[in-house]
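Coordinates as given in target-v5.cif (mmCIF, C-alpha atoms):
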```
data_my_file
#
loop_
_atom_site.label_atom_id
_atom_site.label_comp_id
_atom_site.auth_asym_id
_atom_site.auth_seq_id
_atom_site.Cartn_x
_atom_site.Cartn_y
_atom_site.Cartn_z
CA MET A 44 -17.53 -16.57 -16.42
CA ALA A 45 -15.05 -14.96 -14.06
CA ALA A 46 -11.87 -16.84 -13.29
CA ALA A 47 -11.93 -18.69 -9.99
CA ALA A 48 -9.87 -17.29 -7.16
CA THR A 49 -7.58 -19.95 -5.70
CA ASP A 50 -5.24 -17.96 -3.43
CA ARG A 51 -5.89 -15.93 -0.32
CA ILE A 52 -7.76 -12.79 -1.25
CA ARG A 53 -6.23 -9.36 -0.84
CA ALA A 54 -8.97 -7.04 0.40
CA ALA A 55 -9.32 -3.30 0.90
CA VAL A 56 -11.99 -1.16 2.56
CA VAL A 57 -13.10 2.24 1.31
CA GLY A 58 -14.46 4.31 4.18
CA THR A 59 -13.56 3.52 7.79
CA GLY A 60 -16.58 4.86 9.66
CA GLY A 61 -18.99 3.04 11.94
CA ILE A 62 -20.42 0.52 9.46
CA VAL A 63 -16.97 -0.59 8.27
CA SER A 64 -15.38 -0.64 11.73
CA GLY A 65 -18.41 -2.17 13.43
CA SER A 66 -19.59 -4.68 10.81
CA HIS A 67 -17.14 -5.22 7.95
CA LEU A 68 -14.00 -5.48 10.09
CA PRO A 69 -15.47 -8.21 12.36
CA ALA A 70 -16.66 -10.04 9.24
CA LEU A 71 -13.16 -9.89 7.75
CA ARG A 72 -11.69 -11.12 11.04
CA ASP A 73 -14.05 -14.10 10.94
CA HIS A 74 -12.69 -14.93 7.49
CA ALA A 75 -9.01 -14.24 8.20
CA ASP A 76 -8.20 -17.76 6.99
CA ARG A 77 -9.32 -16.71 3.50
CA VAL A 78 -8.76 -12.94 3.36
CA ASP A 79 -5.91 -10.52 4.04
CA LEU A 80 -7.08 -6.96 4.69
CA VAL A 81 -4.20 -4.97 3.22
CA ALA A 82 -5.50 -1.43 2.69
CA ALA A 83 -8.00 1.16 3.84
CA VAL A 84 -9.06 4.46 2.30
CA ASP A 85 -10.48 7.48 4.11
CA VAL A 86 -10.19 11.25 3.69
CA ALA A 87 -10.20 11.72 7.49
CA ALA A 88 -6.70 10.92 8.71
CA ASP A 89 -7.67 10.47 12.36
CA ARG A 90 -10.48 8.05 11.50
CA LEU A 91 -8.18 6.13 9.17
CA ASP A 92 -5.48 5.83 11.85
CA ALA A 93 -8.00 4.58 14.39
CA PHE A 94 -9.24 1.94 11.95
CA ARG A 95 -5.73 0.75 11.12
CA ALA A 96 -4.97 0.40 14.82
CA ALA A 97 -8.16 -1.59 15.38
CA ALA A 98 -7.43 -3.85 12.41
CA ALA A 99 -3.93 -4.55 13.75
CA GLU A 100 -5.17 -5.70 17.16
CA GLY A 101 -4.10 -9.25 17.83
CA GLY A 102 -1.81 -9.12 14.82
CA THR A 103 -4.73 -9.89 12.50
CA PHE A 104 -4.20 -7.35 9.71
CA ASP A 105 -1.39 -4.99 8.66
CA VAL A 106 -3.32 -2.27 6.85
CA THR A 107 -1.78 0.45 4.70
CA GLY A 108 -3.68 3.73 4.74
CA TYR A 109 -4.64 5.84 1.72
CA SER A 110 -6.60 9.04 1.19
CA ASP A 111 -7.38 8.31 -2.46
CA VAL A 112 -9.18 5.31 -3.97
CA ALA A 113 -7.34 5.40 -7.31
CA ALA A 114 -3.94 5.47 -5.60
CA MET A 115 -4.91 2.51 -3.42
CA LEU A 116 -6.17 0.45 -6.36
CA GLU A 117 -3.01 1.16 -8.34
CA ALA A 118 -0.64 0.34 -5.49
CA GLU A 119 -2.40 -2.62 -3.87
CA ARG A 120 -4.33 -4.35 -6.68
CA PRO A 121 -6.85 -5.87 -4.25
CA GLY A 122 -9.06 -8.76 -5.32
CA LEU A 123 -11.96 -7.55 -3.15
CA VAL A 124 -13.04 -4.02 -2.21
CA LEU A 125 -15.58 -3.39 0.53
CA ILE A 126 -17.26 0.03 0.31
CA GLY A 127 -18.83 1.83 3.26
CA THR A 128 -18.86 5.48 2.20
CA PRO A 129 -21.90 7.79 1.82
CA PRO A 130 -24.23 6.63 -0.99
CA SER A 131 -23.36 9.37 -3.48
CA LEU A 132 -19.84 7.93 -3.77
CA HIS A 133 -20.83 4.30 -4.34
CA ARG A 134 -21.22 4.30 -8.12
CA GLU A 135 -17.90 5.99 -8.85
CA GLN A 136 -15.98 3.88 -6.34
CA THR A 137 -17.63 0.63 -7.43
CA VAL A 138 -16.89 1.25 -11.10
CA ALA A 139 -13.27 2.16 -10.29
CA ALA A 140 -12.82 -1.07 -8.33
CA LEU A 141 -14.37 -3.18 -11.10
CA GLU A 142 -12.16 -1.53 -13.71
CA ALA A 143 -9.15 -2.37 -11.54
CA GLY A 144 -10.17 -6.03 -11.55
CA ALA A 145 -11.61 -6.20 -8.01
CA TRP A 146 -14.86 -7.73 -6.85
CA VAL A 147 -17.01 -5.37 -4.78
CA LEU A 148 -19.18 -5.67 -1.68
CA CYS A 149 -20.88 -2.29 -1.25
CA GLU A 150 -23.16 -1.01 1.47
CA LYS A 151 -26.76 -0.31 0.46
CA PRO A 152 -27.82 1.37 -1.61
CA LEU A 153 -25.31 0.33 -4.26
CA CYS A 154 -26.14 3.56 -6.08
CA LEU A 155 -28.72 6.35 -6.28
CA SER A 156 -30.77 5.35 -9.32
CA LEU A 157 -31.50 2.64 -11.86
CA ALA A 158 -29.41 4.59 -14.36
CA GLU A 159 -26.40 4.35 -12.05
CA TYR A 160 -27.09 0.66 -11.40
CA ASP A 161 -27.08 -0.06 -15.12
CA GLU A 162 -23.81 1.85 -15.45
CA ILE A 163 -22.31 -0.47 -12.84
CA ALA A 164 -23.70 -3.47 -14.72
CA GLY A 165 -22.00 -2.14 -17.84
CA ALA A 166 -18.71 -1.85 -15.95
CA GLU A 167 -19.09 -5.47 -14.82
CA GLN A 168 -19.56 -6.58 -18.40
CA GLU A 169 -16.66 -4.48 -19.62
CA ALA A 170 -14.38 -5.82 -16.88
CA GLY A 171 -15.26 -9.36 -17.97
CA GLY A 172 -15.13 -11.03 -14.60
CA PRO A 173 -15.44 -9.19 -11.27
CA TYR A 174 -18.92 -8.57 -9.86
CA ALA A 175 -20.47 -5.98 -7.54
CA SER A 176 -22.71 -7.13 -4.67
CA VAL A 177 -24.92 -5.10 -2.36
CA VAL A 178 -24.94 -5.61 1.41
CA PHE A 179 -28.33 -7.24 2.07
CA GLN A 180 -27.23 -9.19 5.13
CA HIS A 181 -30.75 -10.02 6.34
CA ARG A 182 -31.07 -12.61 3.58
CA TYR A 183 -28.25 -14.71 4.99
CA GLY A 184 -29.29 -15.62 8.51
CA SER A 185 -30.29 -19.27 8.87
CA GLY A 186 -33.86 -18.29 9.75
CA ALA A 187 -34.26 -16.42 6.45
CA VAL A 188 -32.68 -19.23 4.45
CA HIS A 189 -35.06 -21.73 6.07
CA ALA A 190 -38.15 -19.55 5.50
CA ARG A 191 -37.28 -19.09 1.84
CA GLU A 192 -36.88 -22.84 1.38
CA LEU A 193 -40.27 -23.51 2.99
CA LEU A 194 -42.00 -20.90 0.83
CA ALA A 195 -40.30 -22.10 -2.35
CA GLU A 196 -41.29 -25.73 -1.82
CA GLY A 197 -44.85 -24.86 -0.84
CA ALA A 198 -44.52 -26.25 2.67
CA LEU A 199 -46.62 -23.41 4.12
CA GLY A 200 -49.19 -23.38 1.36
CA ARG A 201 -49.67 -20.61 -1.18
CA PRO A 202 -48.56 -17.13 0.00
CA LEU A 203 -51.59 -14.85 0.24
CA VAL A 204 -51.09 -11.71 2.36
CA ALA A 205 -47.91 -10.05 3.63
CA HIS A 206 -46.78 -7.08 5.69
CA CYS A 207 -43.33 -5.47 5.63
CA GLN A 208 -42.56 -2.91 8.34
CA THR A 209 -39.51 -0.77 9.09
CA THR A 210 -40.66 1.70 11.73
CA TRP A 211 -37.62 3.33 13.27
CA HIS A 212 -36.86 6.67 14.93
CA ARG A 213 -34.32 9.27 13.85
CA ASP A 214 -34.09 12.71 15.49
CA THR A 215 -33.01 16.07 14.11
CA ALA A 216 -29.40 15.45 15.19
CA TYR A 217 -29.32 12.45 12.86
CA TYR A 218 -30.20 14.67 9.91
CA ALA A 219 -27.61 17.27 10.90
CA VAL A 220 -25.07 15.11 9.04
CA PRO A 221 -24.79 17.06 5.76
CA TRP A 222 -25.37 14.19 3.32
CA ARG A 223 -28.49 12.80 5.00
CA GLY A 224 -31.99 13.66 3.85
CA ARG A 225 -30.78 14.93 0.47
CA TRP A 226 -31.53 13.31 -2.87
CA GLU A 227 -28.13 14.12 -4.34
CA THR A 228 -26.16 12.44 -1.56
CA GLU A 229 -28.48 9.86 0.05
CA GLY A 230 -30.81 9.06 -2.83
CA GLY A 231 -33.96 9.12 -0.69
CA GLY A 232 -35.37 8.84 2.81
CA PRO A 233 -36.32 5.76 4.85
CA SER A 234 -37.52 3.96 1.72
CA MET A 235 -33.97 4.07 0.34
CA GLY A 236 -31.78 4.10 3.43
CA HIS A 237 -33.65 2.19 6.14
CA GLY A 238 -36.54 0.08 4.89
CA ILE A 239 -34.50 -1.23 1.96
CA HIS A 240 -33.35 -4.19 4.07
CA GLN A 241 -36.82 -5.46 4.97
CA MET A 242 -38.16 -4.76 1.48
CA ASP A 243 -35.27 -6.69 -0.04
CA LEU A 244 -35.98 -9.59 2.31
CA LEU A 245 -39.68 -9.50 1.41
CA LEU A 246 -38.82 -9.76 -2.30
CA HIS A 247 -36.25 -12.45 -1.53
CA LEU A 248 -38.98 -14.50 0.16
CA LEU A 249 -41.92 -13.82 -2.17
CA GLY A 250 -40.25 -13.34 -5.55
CA ASP A 251 -41.13 -10.96 -8.36
CA TRP A 252 -43.60 -8.11 -7.84
CA THR A 253 -45.89 -6.84 -10.57
CA GLU A 254 -47.61 -3.66 -9.30
CA ILE A 255 -47.16 -1.08 -6.57
CA ARG A 256 -49.22 1.86 -5.28
CA GLY A 257 -47.72 4.27 -2.76
CA MET A 258 -47.84 7.36 -0.58
CA ALA A 259 -45.02 9.41 0.96
CA GLY A 260 -44.75 12.43 3.22
CA ARG A 261 -42.53 14.82 5.11
CA LEU A 262 -44.35 14.85 8.42
CA VAL A 263 -41.62 15.93 10.85
CA HIS A 264 -38.16 16.47 9.39
CA ALA A 265 -37.10 19.43 7.24
CA VAL A 266 -35.46 17.29 4.56
CA GLU A 267 -35.63 16.98 0.77
CA SER A 268 -36.74 13.36 0.78
CA GLU A 269 -39.59 11.68 2.66
CA ASP A 270 -39.59 10.68 6.33
CA VAL A 271 -42.42 8.16 5.90
CA SER A 272 -43.75 6.03 3.03
CA THR A 273 -46.38 3.36 2.59
CA ALA A 274 -47.17 1.01 -0.27
CA LEU A 275 -49.58 -1.64 -1.51
CA VAL A 276 -47.94 -4.36 -3.58
CA ARG A 277 -49.12 -7.19 -5.81
CA PHE A 278 -46.76 -10.10 -6.50
CA GLU A 279 -46.50 -12.33 -9.55
CA SER A 280 -47.85 -15.18 -7.40
CA GLY A 281 -51.00 -13.15 -6.71
CA ALA A 282 -50.03 -12.43 -3.10
CA MET A 283 -50.66 -8.89 -1.84
CA ALA A 284 -48.62 -6.92 0.69
CA THR A 285 -48.49 -3.69 2.65
CA VAL A 286 -45.20 -1.88 3.24
CA VAL A 287 -44.45 0.82 5.82
CA ASN A 288 -41.15 2.74 6.12
CA SER A 289 -40.75 5.36 8.85
CA VAL A 290 -38.15 7.26 10.84
CA LEU A 291 -40.84 8.79 13.05
CA SER A 292 -41.70 5.80 15.26
CA PRO A 293 -40.80 5.82 18.99
CA ASP A 294 -41.49 2.08 19.29
CA GLU A 295 -38.87 0.80 16.86
CA VAL A 296 -39.35 -2.52 15.11
CA SER A 297 -38.57 -4.36 11.87
CA ARG A 298 -41.14 -6.94 10.87
CA ILE A 299 -42.15 -9.22 8.04
CA ARG A 300 -45.31 -11.30 8.19
CA ILE A 301 -46.49 -13.65 5.45
CA ASP A 302 -49.87 -15.35 5.72
CA CYS A 303 -49.97 -18.51 3.61
CA ALA A 304 -52.80 -20.96 3.05
CA ASP A 305 -51.54 -23.30 5.78
CA ALA A 306 -49.45 -21.13 8.12
CA THR A 307 -48.28 -17.65 9.06
CA VAL A 308 -44.54 -17.00 9.21
CA GLU A 309 -43.49 -13.86 11.07
CA LEU A 310 -40.10 -12.26 11.69
CA THR A 311 -39.84 -9.56 14.38
CA HIS A 312 -36.50 -7.90 15.20
CA LEU A 313 -34.76 -4.54 14.87
CA TYR A 314 -31.35 -4.53 13.18
CA GLY A 315 -30.68 -8.25 12.82
CA HIS A 316 -32.32 -11.61 13.41
CA ARG A 317 -31.66 -15.07 14.83
CA ASN A 318 -33.70 -18.26 14.54
CA ASP A 319 -35.80 -17.40 17.61
CA ASP A 320 -37.05 -14.24 15.90
CA TRP A 321 -38.99 -16.37 13.39
CA VAL A 322 -42.41 -17.72 14.44
CA TYR A 323 -44.63 -20.20 12.54
CA THR A 324 -48.34 -20.40 13.35
CA PRO A 325 -50.40 -23.20 11.78
CA ALA A 326 -53.80 -22.60 10.25
CA PRO A 327 -56.68 -24.31 12.08
CA HIS A 328 -56.95 -27.11 9.52
CA VAL A 329 -53.32 -28.23 10.04
CA ARG A 330 -52.99 -27.85 13.80
CA ASP A 331 -53.35 -31.60 14.23
CA GLU A 332 -50.48 -32.38 11.85
CA PRO A 333 -47.39 -32.35 14.10
CA ASP A 334 -45.15 -34.03 11.52
CA ARG A 335 -45.81 -31.28 9.05
CA GLN A 336 -45.26 -28.55 11.64
CA ARG A 337 -41.97 -30.16 12.62
CA ARG A 338 -40.66 -29.35 9.14
CA TRP A 339 -41.37 -25.67 9.79
CA ARG A 340 -39.17 -25.43 12.85
CA THR A 341 -36.06 -23.37 12.30
CA PRO A 342 -32.85 -25.36 11.81
CA ALA A 343 -30.69 -26.46 14.71
CA ALA A 344 -27.79 -24.33 13.45
CA ASP A 345 -28.41 -20.72 14.43
CA LEU A 346 -26.56 -18.36 12.09
CA PRO A 347 -27.54 -14.73 12.79
CA SER A 348 -28.02 -12.35 9.89
CA SER A 349 -24.75 -10.46 9.54
CA HIS A 350 -22.15 -9.05 7.21
CA GLY A 351 -20.07 -12.11 7.98
CA ALA A 352 -22.80 -14.45 6.79
CA GLN A 353 -23.05 -12.60 3.48
CA LEU A 354 -19.27 -12.42 3.12
CA THR A 355 -19.13 -16.22 3.27
CA GLY A 356 -21.33 -16.45 0.19
CA LEU A 357 -19.31 -13.82 -1.66
CA LEU A 358 -16.00 -15.54 -0.94
CA ASP A 359 -17.44 -18.85 -2.09
CA ALA A 360 -18.56 -17.19 -5.33
CA MET A 361 -15.07 -15.73 -5.82
CA ARG A 362 -13.59 -19.17 -5.26
CA ASP A 363 -15.93 -20.69 -7.85
CA GLY A 364 -15.72 -17.79 -10.30
CA VAL A 365 -19.50 -17.26 -10.42
CA ARG A 366 -21.85 -14.34 -9.88
CA PRO A 367 -22.41 -13.85 -6.13
CA PRO A 368 -25.80 -13.52 -4.45
CA GLY A 369 -27.07 -9.98 -3.99
CA SER A 370 -25.83 -8.79 -7.37
CA GLY A 371 -27.00 -8.43 -10.95
CA GLN A 372 -30.73 -8.61 -11.68
CA ASP A 373 -31.36 -10.04 -8.21
CA ALA A 374 -30.27 -6.82 -6.50
CA ARG A 375 -31.59 -4.59 -9.30
CA ARG A 376 -35.11 -5.86 -8.59
CA THR A 377 -34.99 -4.31 -5.12
CA LEU A 378 -33.77 -0.94 -6.44
CA GLU A 379 -36.46 -0.99 -9.14
CA PHE A 380 -39.05 -1.69 -6.45
CA ILE A 381 -37.95 1.41 -4.51
CA ALA A 382 -37.93 3.57 -7.64
CA ALA A 383 -41.45 2.36 -8.38
CA LEU A 384 -42.56 3.10 -4.81
CA TYR A 385 -41.37 6.69 -5.20
CA LYS A 386 -42.96 7.05 -8.62
CA ALA A 387 -46.26 5.65 -7.37
CA ALA A 388 -46.20 7.89 -4.29
CA PHE A 389 -45.28 11.08 -6.13
CA THR A 390 -47.52 10.61 -9.19
CA GLY A 391 -50.49 9.09 -7.35
CA ARG A 392 -50.91 6.23 -9.78
CA PRO A 393 -49.98 2.54 -9.84
CA VAL A 394 -46.61 1.54 -11.27
CA ARG A 395 -45.91 -1.80 -12.90
CA ALA A 396 -42.67 -3.74 -12.84
CA GLY A 397 -40.53 -3.00 -15.88
CA GLU A 398 -42.08 0.36 -16.78
CA ILE A 399 -39.23 2.53 -15.43
CA VAL A 400 -36.82 2.52 -18.36
CA PRO A 401 -34.40 5.03 -19.91
CA GLY A 402 -36.35 8.19 -20.69
CA ASP A 403 -38.51 7.86 -17.58
CA PRO A 404 -37.49 10.57 -15.06
CA TYR A 405 -37.59 8.01 -12.25
CA TYR A 406 -34.91 6.01 -14.08
CA ASP A 407 -32.41 8.84 -13.59
CA ALA A 408 -33.39 9.91 -10.05
CA MET A 409 -35.63 8.59 -7.30
CA HIS A 410 -37.40 11.96 -7.05
CA GLY A 411 -38.26 11.81 -10.75
CA ASP A 412 -37.78 15.58 -11.02
CA HIS A 413 -41.26 15.89 -9.55
CA PRO A 414 -42.15 19.56 -8.97
CA GLU A 415 -43.03 18.97 -5.31
CA TRP A 416 -40.20 16.55 -4.52
CA ALA A 417 -37.18 17.43 -6.65
CA PRO A 418 -34.34 19.03 -4.65
CA LYS A 419 -35.10 22.64 -5.64
CA ALA A 420 -38.81 22.26 -4.89
CA ALA A 421 -38.11 20.54 -1.59
CA THR A 422 -35.66 23.24 -0.54
CA ALA A 423 -38.17 25.97 -1.38
CA THR A 424 -40.87 24.20 0.64
CA THR A 425 -38.54 23.84 3.61
CA LYS A 426 -37.62 27.53 3.54
CA GLU A 427 -41.27 28.60 3.36
CA SER A 428 -42.24 26.39 6.30
#
```

Now that the file is in, can you turn its structure into structure tokens?
Amino acid sequence: MAAAATDRIRAAVVGTGGIVSGSHLPALRDHADRVDLVAAVDVAADRLDAFRAAAAEGGTFDVTGYSDVAAMLEAERPGLVLIGTPPSLHREQTVAALEAGAWVLCEKPLCLSLAEYDEIAGAEQEAGGPYASVVFQHRYGSGAVHARELLAEGALGRPLVAHCQTTWHRDTAYYAVPWRGRWETEGGGPSMGHGIHQMDLLLHLLGDWTEIRGMAGRLVHAVESEDVSTALVRFESGAMATVVNSVLSPDEVSRIRIDCADATVELTHLYGHRNDDWVYTPAPHVRDEPDRQRRWRTPAADLPSSHGAQLTGLLDAMRDGVRPPGSGQDARRTLEFIAALYKAAFTGRPVRAGEIVPGDPYYDAMHGDHPEWAPKAATATTKES
């Protein structure tokens, strides 16, 4: 077990772009009684300077700037590193932070493949204490916590049918950013970079999955990876679900619906949820049971899903010296689910949980070196079209 942290935590951020400035910095401000942000790393000097100035507003943080992760880790010895760089850098930066003795909170995806994830797990074990967590902030809003409790205790009856939807819209300008839409730098399309949040929440609510069947396509964008995917999923409980991930949808929405024996619970939002975004509908046979329905109502405390909500749990885990939520096998399950979705979509056959192991091409890369989807094949297709 990792040693408990008893003092204020020295933190550093790696990457100072929009996600770090817009989400991680406010979260750190909210926890300024527990955390000192002491360093930031970015290769773009102007972006780094702007971040340092923003962090210093109100006298909150005095941040030293670095252009190199190794130099920062050596000089500052932070206890916590928050990573918000492009996905292709996550594995290397996470392992470096773990080896330097720091805990990690990294933006999704933590890495580009199950092979890379297991390398990070090995670095955790070798370090003998610090852990790496993935940003899955949608788990941590009070509405999600309440729904998970209800499902776990059977208050809604047995889960039967579910739907998980991330239908967003991204234009060609979005994919003009060089690292987007490429397997080597982004790891995949909307299944990996957009729908991962709702799919993680679905698994968080319903538990282990056993089988997945899928389809994927490039319908609009000239990219290596997909711009739409769909899946059919069977869970260990017997429940069945549909999953849709898209960046082609003018009417943008994120949605999870779970039909149980006694009630339907539905979450509808876009990039974050509050209690009011959760709706419980009783089945006809329990509509005259107001006491039971009262238990379903979302809690009085309304904690929105956010980076700050997840950071609270991570800091508590650091204090107690235990593995934080959103790490280890818990987070690996979501990455395995995505790898299986790609394998099912590209091979045209069902994939079972646990079958993607070392030696399977989908263990090493989400495209599985498939002749129609691997980077070289995708580039050739794009040029011909």

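Among the candidate residues A:Leu244, A:Ala374, A:Ala343, A:Ala190, the one lying nearest to Ala164 (chain A) is A:Ala374, with distances computed using only C-alpha atoms.
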
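Distances to Trp339 (chain A) were evaluated for A:Ala306, A:Ala360, A:Val276, A:Val263 using only C-alpha atoms, and the minimum falls at A:Ala306.
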
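Relative to CA of Arg72 (chain A), CA of Thr103 (chain A) is found at 7.2 Å.
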
Can you build me a table of region 52-81 of chain A residues sitting at most 9 Å from region 133-151 of chain A, with the closest atom pair per residue and its distance in Å to one decimal, using all atoms listed in the file, sorted by chain and residue number, as a Markdown table?
```
| residue | atom | partner | partner_atom | distance |
| --- | --- | --- | --- | --- |
| A:Ala54 | CA | A:Ala145 | CA | 8.9 |
| A:Val57 | CA | A:Gln136 | CA | 8.3 |
| A:Ile62 | CA | A:Glu150 | CA | 8.6 |
```

Checklist entry - Expressed in Å to a single decimal, how great is the separation between CA of Thr273 (chain A) and CA of Asp302 (chain A)? => result 19.3 Å

Shell of 12 Å around Gly102 (chain A), only C-alpha atoms, local chain residues under 6 positions omitted, as a PDB file with C-alpha atoms, keeping the file's coordinate frame:
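Final output, around.pdb:
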```pdb
ATOM      1  CA  ARG A  72     -11.690 -11.120  11.040  1.00  0.00           C
ATOM      2  CA  ALA A  75      -9.010 -14.240   8.200  1.00  0.00           C
ATOM      3  CA  ASP A  79      -5.910 -10.520   4.040  1.00  0.00           C
ATOM      4  CA  LEU A  80      -7.080  -6.960   4.690  1.00  0.00           C
ATOM      5  CA  ARG A  95      -5.730   0.750  11.120  1.00  0.00           C
ATOM      6  CA  ALA A  96      -4.970   0.400  14.820  1.00  0.00           C
TER       7      ALA A  96
END
```

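In this model, the gap between CA of Gly238 (chain A) and CA of Gly60 (chain A) comes to 21.1 Å.
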
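Among the candidates A:Val322, A:Arg366, A:Ala274, A:Pro152, the one nearest to Pro393 (chain A) when counting only C-alpha atoms is A:Ala274.
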
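The shell of residues at most 7 Å from region 281-289 of chain A, with all atoms listed in the file counted and near chain neighbours (fewer than 3 positions) removed, consists of A:Pro202, A:Leu203, A:Val204, A:Ala205, A:His206, A:Cys207, A:Gln208, A:Thr209, A:Thr210, A:Trp211, A:Pro233, A:Ser234, A:Gly238, A:Asp270, A:Val271, A:Ser272, A:Thr273, A:Ala274, A:Leu275, A:Val276, A:Arg277, A:Phe278, A:Ser292.
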
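Residues within 12 Å of region 325-330 of chain A, counting all atoms listed in the file and excluding same-chain residues fewer than 5 positions away, are A:Ala198, A:Leu199, A:Gly200, A:Asp302, A:Cys303, A:Ala304, A:Asp305, A:Ala306, A:Thr307, A:Val308, A:Glu309, A:Arg335, A:Gln336, A:Arg337, A:Arg338, A:Trp339, A:Arg340.
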
Go ahead and save the picked residues with C-alpha atoms, as an mmCIF file, in the frame of the given file.
```cif
data_model
loop_
_atom_site.group_PDB
_atom_site.id
_atom_site.type_symbol
_atom_site.label_atom_id
_atom_site.label_comp_id
_atom_site.auth_asym_id
_atom_site.auth_seq_id
_atom_site.Cartn_x
_atom_site.Cartn_y
_atom_site.Cartn_z
ATOM 1 C CA ALA A 198 -44.520 -26.250 2.670
ATOM 2 C CA LEU A 199 -46.620 -23.410 4.120
ATOM 3 C CA GLY A 200 -49.190 -23.380 1.360
ATOM 4 C CA ASP A 302 -49.870 -15.350 5.720
ATOM 5 C CA CYS A 303 -49.970 -18.510 3.610
ATOM 6 C CA ALA A 304 -52.800 -20.960 3.050
ATOM 7 C CA ASP A 305 -51.540 -23.300 5.780
ATOM 8 C CA ALA A 306 -49.450 -21.130 8.120
ATOM 9 C CA THR A 307 -48.280 -17.650 9.060
ATOM 10 C CA VAL A 308 -44.540 -17.000 9.210
ATOM 11 C CA GLU A 309 -43.490 -13.860 11.070
ATOM 12 C CA ARG A 335 -45.810 -31.280 9.050
ATOM 13 C CA GLN A 336 -45.260 -28.550 11.640
ATOM 14 C CA ARG A 337 -41.970 -30.160 12.620
ATOM 15 C CA ARG A 338 -40.660 -29.350 9.140
ATOM 16 C CA TRP A 339 -41.370 -25.670 9.790
ATOM 17 C CA ARG A 340 -39.170 -25.430 12.850
#
```
